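Asker: CSV, C-alpha atoms, file my_file_35.csv:
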```
chain,number,residue,atom,x,y,z
A,20,MET,CA,150.2,122.7,87.1
A,21,ASN,CA,147.6,123.7,89.6
A,22,LYS,CA,145.2,124.8,86.8
A,23,GLN,CA,145.6,121.5,85.0
A,24,LEU,CA,144.7,119.6,88.1
A,25,GLN,CA,141.6,121.7,88.6
A,26,MET,CA,140.6,121.2,85.0
A,27,LYS,CA,140.9,117.4,85.4
A,28,LYS,CA,138.8,117.4,88.5
A,29,LYS,CA,136.1,119.4,86.8
A,30,SER,CA,136.0,117.1,83.8
A,31,LYS,CA,135.7,114.0,86.0
A,32,TRP,CA,132.6,115.4,87.7
A,33,LYS,CA,131.0,116.2,84.3
A,34,VAL,CA,131.6,112.7,83.2
A,35,ARG,CA,130.2,111.3,86.4
A,36,TYR,CA,127.1,113.3,86.2
A,37,THR,CA,126.6,112.5,82.5
A,38,VAL,CA,126.9,108.7,83.3
A,39,LEU,CA,124.5,109.1,86.2
A,40,PHE,CA,122.0,111.0,84.0
A,41,VAL,CA,122.2,108.3,81.2
A,42,LEU,CA,121.7,105.5,83.8
A,43,TRP,CA,118.7,107.4,85.2
A,44,LEU,CA,117.2,107.8,81.7
A,45,CYS,CA,117.6,104.1,81.1
A,46,TRP,CA,115.8,103.3,84.4
A,47,LEU,CA,113.1,105.9,83.6
A,48,PHE,CA,112.3,104.3,80.2
A,49,SER,CA,112.3,100.9,81.7
A,50,PHE,CA,109.9,102.0,84.4
A,51,LEU,CA,107.6,103.9,82.0
A,52,ASP,CA,107.4,101.0,79.6
A,53,ARG,CA,105.8,98.9,82.3
A,54,MET,CA,103.4,101.7,83.3
A,55,VAL,CA,102.3,102.7,79.8
A,56,ILE,CA,101.3,99.2,78.8
A,57,THR,CA,98.7,99.0,81.6
A,58,ILE,CA,97.3,102.4,80.6
A,59,ALA,CA,97.3,101.6,76.9
A,60,LEU,CA,95.9,98.1,77.3
A,61,PRO,CA,92.1,99.0,77.0
A,62,TYR,CA,92.9,100.9,73.7
A,63,ILE,CA,95.0,98.1,72.4
A,64,GLY,CA,92.2,95.6,73.2
A,65,GLU,CA,89.6,97.9,71.5
A,66,ASP,CA,91.7,98.3,68.4
A,67,LEU,CA,92.5,94.6,68.1
A,68,ASN,CA,89.1,93.4,69.3
A,69,LEU,CA,90.6,91.5,72.2
A,70,THR,CA,88.5,90.1,75.0
A,71,ALA,CA,89.3,90.8,78.7
A,72,THR,CA,90.9,87.4,78.9
A,73,ALA,CA,93.1,88.0,75.9
A,74,GLN,CA,94.1,91.3,77.3
A,75,GLY,CA,95.1,89.7,80.5
A,76,LEU,CA,97.1,87.1,78.7
A,77,LEU,CA,98.8,89.8,76.6
A,78,LEU,CA,99.8,91.7,79.8
A,79,SER,CA,101.0,88.5,81.5
A,80,TYR,CA,103.2,87.6,78.5
A,81,PHE,CA,104.6,91.1,78.5
A,82,LEU,CA,105.4,91.1,82.2
A,83,CYS,CA,106.9,87.5,82.0
A,84,GLY,CA,109.2,88.8,79.3
A,85,VAL,CA,110.2,91.8,81.5
A,86,CYS,CA,111.0,89.4,84.4
A,87,ALA,CA,112.9,87.0,82.2
A,88,VAL,CA,115.3,89.5,80.6
A,89,PRO,CA,117.2,90.4,83.8
A,90,ASN,CA,117.6,86.8,84.7
A,91,SER,CA,118.9,85.8,81.3
A,92,GLY,CA,121.4,88.7,81.5
A,93,ARG,CA,122.6,87.5,84.8
A,94,ASP,CA,123.3,84.1,83.4
A,95,VAL,CA,125.2,85.5,80.5
A,96,ILE,CA,127.5,87.4,82.9
A,97,ARG,CA,128.3,84.3,84.8
```
Take the structure from the file and write it as C-alpha coordinates.

Answerer:
Amino acid sequence: MNKQLQMKKKSKWKVRYTVLFVLWLCWLFSFLDRMVITIALPYIGEDLNLTATAQGLLLSYFLCGVCAVPNSGRDVIR
(Lines of atoms letter the chains of each structure in order from A and count residues from 1; the text may use other names and numbers.)
(Lines give C-alpha, C1' and ligand atoms only; values in the text may rest on other atoms or scores of the structure.)
Protein backbone atom coordinates (compact mmCIF):
# COMPACT_ATOMS: atom_id res chain seq x y z
CA MET A 1 0.00 0.00 0.00
CA ASN A 2 2.81 2.36 0.88
CA LYS A 3 4.50 1.81 -2.52
CA GLN A 4 1.28 2.63 -4.37
CA LEU A 5 0.95 5.89 -2.44
CA GLN A 6 4.54 6.82 -3.29
CA MET A 7 3.94 6.05 -6.97
CA LYS A 8 0.86 8.28 -7.01
CA LYS A 9 2.80 11.16 -5.44
CA LYS A 10 5.59 10.82 -8.01
CA SER A 11 3.17 10.74 -10.92
CA LYS A 12 1.39 13.88 -9.67
CA TRP A 13 4.66 15.80 -9.62
CA LYS A 14 5.48 14.69 -13.14
CA VAL A 15 2.12 15.92 -14.36
CA ARG A 16 2.51 19.23 -12.54
CA TYR A 17 5.92 19.86 -14.04
CA THR A 18 4.69 18.88 -17.48
CA VAL A 19 1.78 21.32 -17.26
CA LEU A 20 4.10 24.04 -15.98
CA PHE A 21 6.51 23.40 -18.84
CA VAL A 22 3.74 23.56 -21.46
CA LEU A 23 2.44 26.81 -19.99
CA TRP A 24 5.95 28.24 -20.01
CA LEU A 25 6.39 27.26 -23.66
CA CYS A 26 3.11 28.98 -24.57
CA TRP A 27 4.25 32.15 -22.81
CA LEU A 28 7.65 31.95 -24.51
CA PHE A 29 6.14 31.65 -28.00
CA SER A 30 3.78 34.53 -27.26
CA PHE A 31 6.66 36.69 -26.05
CA LEU A 32 8.98 35.78 -28.92
CA ASP A 33 6.26 36.49 -31.48
CA ARG A 34 6.15 40.12 -30.38
CA MET A 35 9.94 40.44 -30.27
CA VAL A 36 10.65 38.80 -33.63
CA ILE A 37 8.23 41.03 -35.55
CA THR A 38 10.20 44.14 -34.54
CA ILE A 39 13.48 42.53 -35.61
CA ALA A 40 12.05 41.25 -38.90
CA LEU A 41 10.20 44.46 -39.79
CA PRO A 42 13.03 46.08 -41.82
CA TYR A 43 13.41 42.89 -43.89
CA ILE A 44 9.65 42.64 -44.40
CA GLY A 45 9.55 46.27 -45.50
CA GLU A 46 12.43 45.74 -47.90
CA ASP A 47 10.84 42.61 -49.38
CA LEU A 48 7.40 44.22 -49.82
CA ASN A 49 8.73 47.70 -50.74
CA LEU A 50 7.01 49.35 -47.76
CA THR A 51 7.79 52.86 -46.64
CA ALA A 52 8.65 53.61 -43.03
CA THR A 53 5.10 54.88 -42.50
CA ALA A 54 3.61 51.66 -43.87
CA GLN A 55 5.93 49.61 -41.68
CA GLY A 56 4.79 51.59 -38.64
CA LEU A 57 1.15 51.00 -39.54
CA LEU A 58 1.82 47.29 -40.02
CA LEU A 59 3.44 47.06 -36.59
CA SER A 60 0.62 49.07 -35.03
CA TYR A 61 -2.02 46.77 -36.51
CA PHE A 62 -0.12 43.74 -35.28
CA LEU A 63 0.23 45.09 -31.74
CA CYS A 64 -3.43 46.18 -31.66
CA GLY A 65 -4.36 42.62 -32.58
CA VAL A 66 -2.13 41.28 -29.81
CA CYS A 67 -3.83 43.60 -27.32
CA ALA A 68 -7.35 42.80 -28.55
CA VAL A 69 -7.10 39.01 -28.27
CA PRO A 70 -6.79 38.80 -24.45
CA ASN A 71 -9.68 41.22 -24.01
CA SER A 72 -11.96 39.26 -26.34
CA GLY A 73 -11.06 36.04 -24.56
CA ARG A 74 -11.99 37.62 -21.23
CA ASP A 75 -15.40 38.60 -22.63
CA VAL A 76 -16.05 35.06 -23.87
CA ILE A 77 -15.36 33.64 -20.40
CA ARG A 78 -17.87 35.95 -18.77

Asker: Could you check how far CA of Cys86 (chain A) sits from CA of Phe48 (chain A), in Å to one decimal?

Answerer: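 Here the two named atoms are 15.5 Å from each other.
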
Asker: Quick one: pull the distance between CA of Ile63 (chain A) and CA of Leu78 (chain A), Å, one decimal.

Answerer: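 Distance reported for this atom pair: 10.9 Å.
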
Asker: Which value, in Å to one decimal, gives the distance between CA of Ala59 (chain A) and CA of Val85 (chain A)?

Answerer: 16.8 Å

Asker: With only C-alpha atoms as the atoms that count, which of A:Leu67, A:Leu76, A:Val38, A:Leu82 lies nearest to Phe50 (chain A)?

Answerer: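 Once distances to Phe50 (chain A) are computed over only C-alpha atoms, the minimum belongs to A:Leu82.
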
Asker: Residues near Leu60 (chain A), anyone? I mean within 9 Å using all atoms listed in the file, not counting same-chain ones fewer than 4 positions away, as number ranges by chain.

Answerer: A: 55-56, 64-65, 74, 77-78
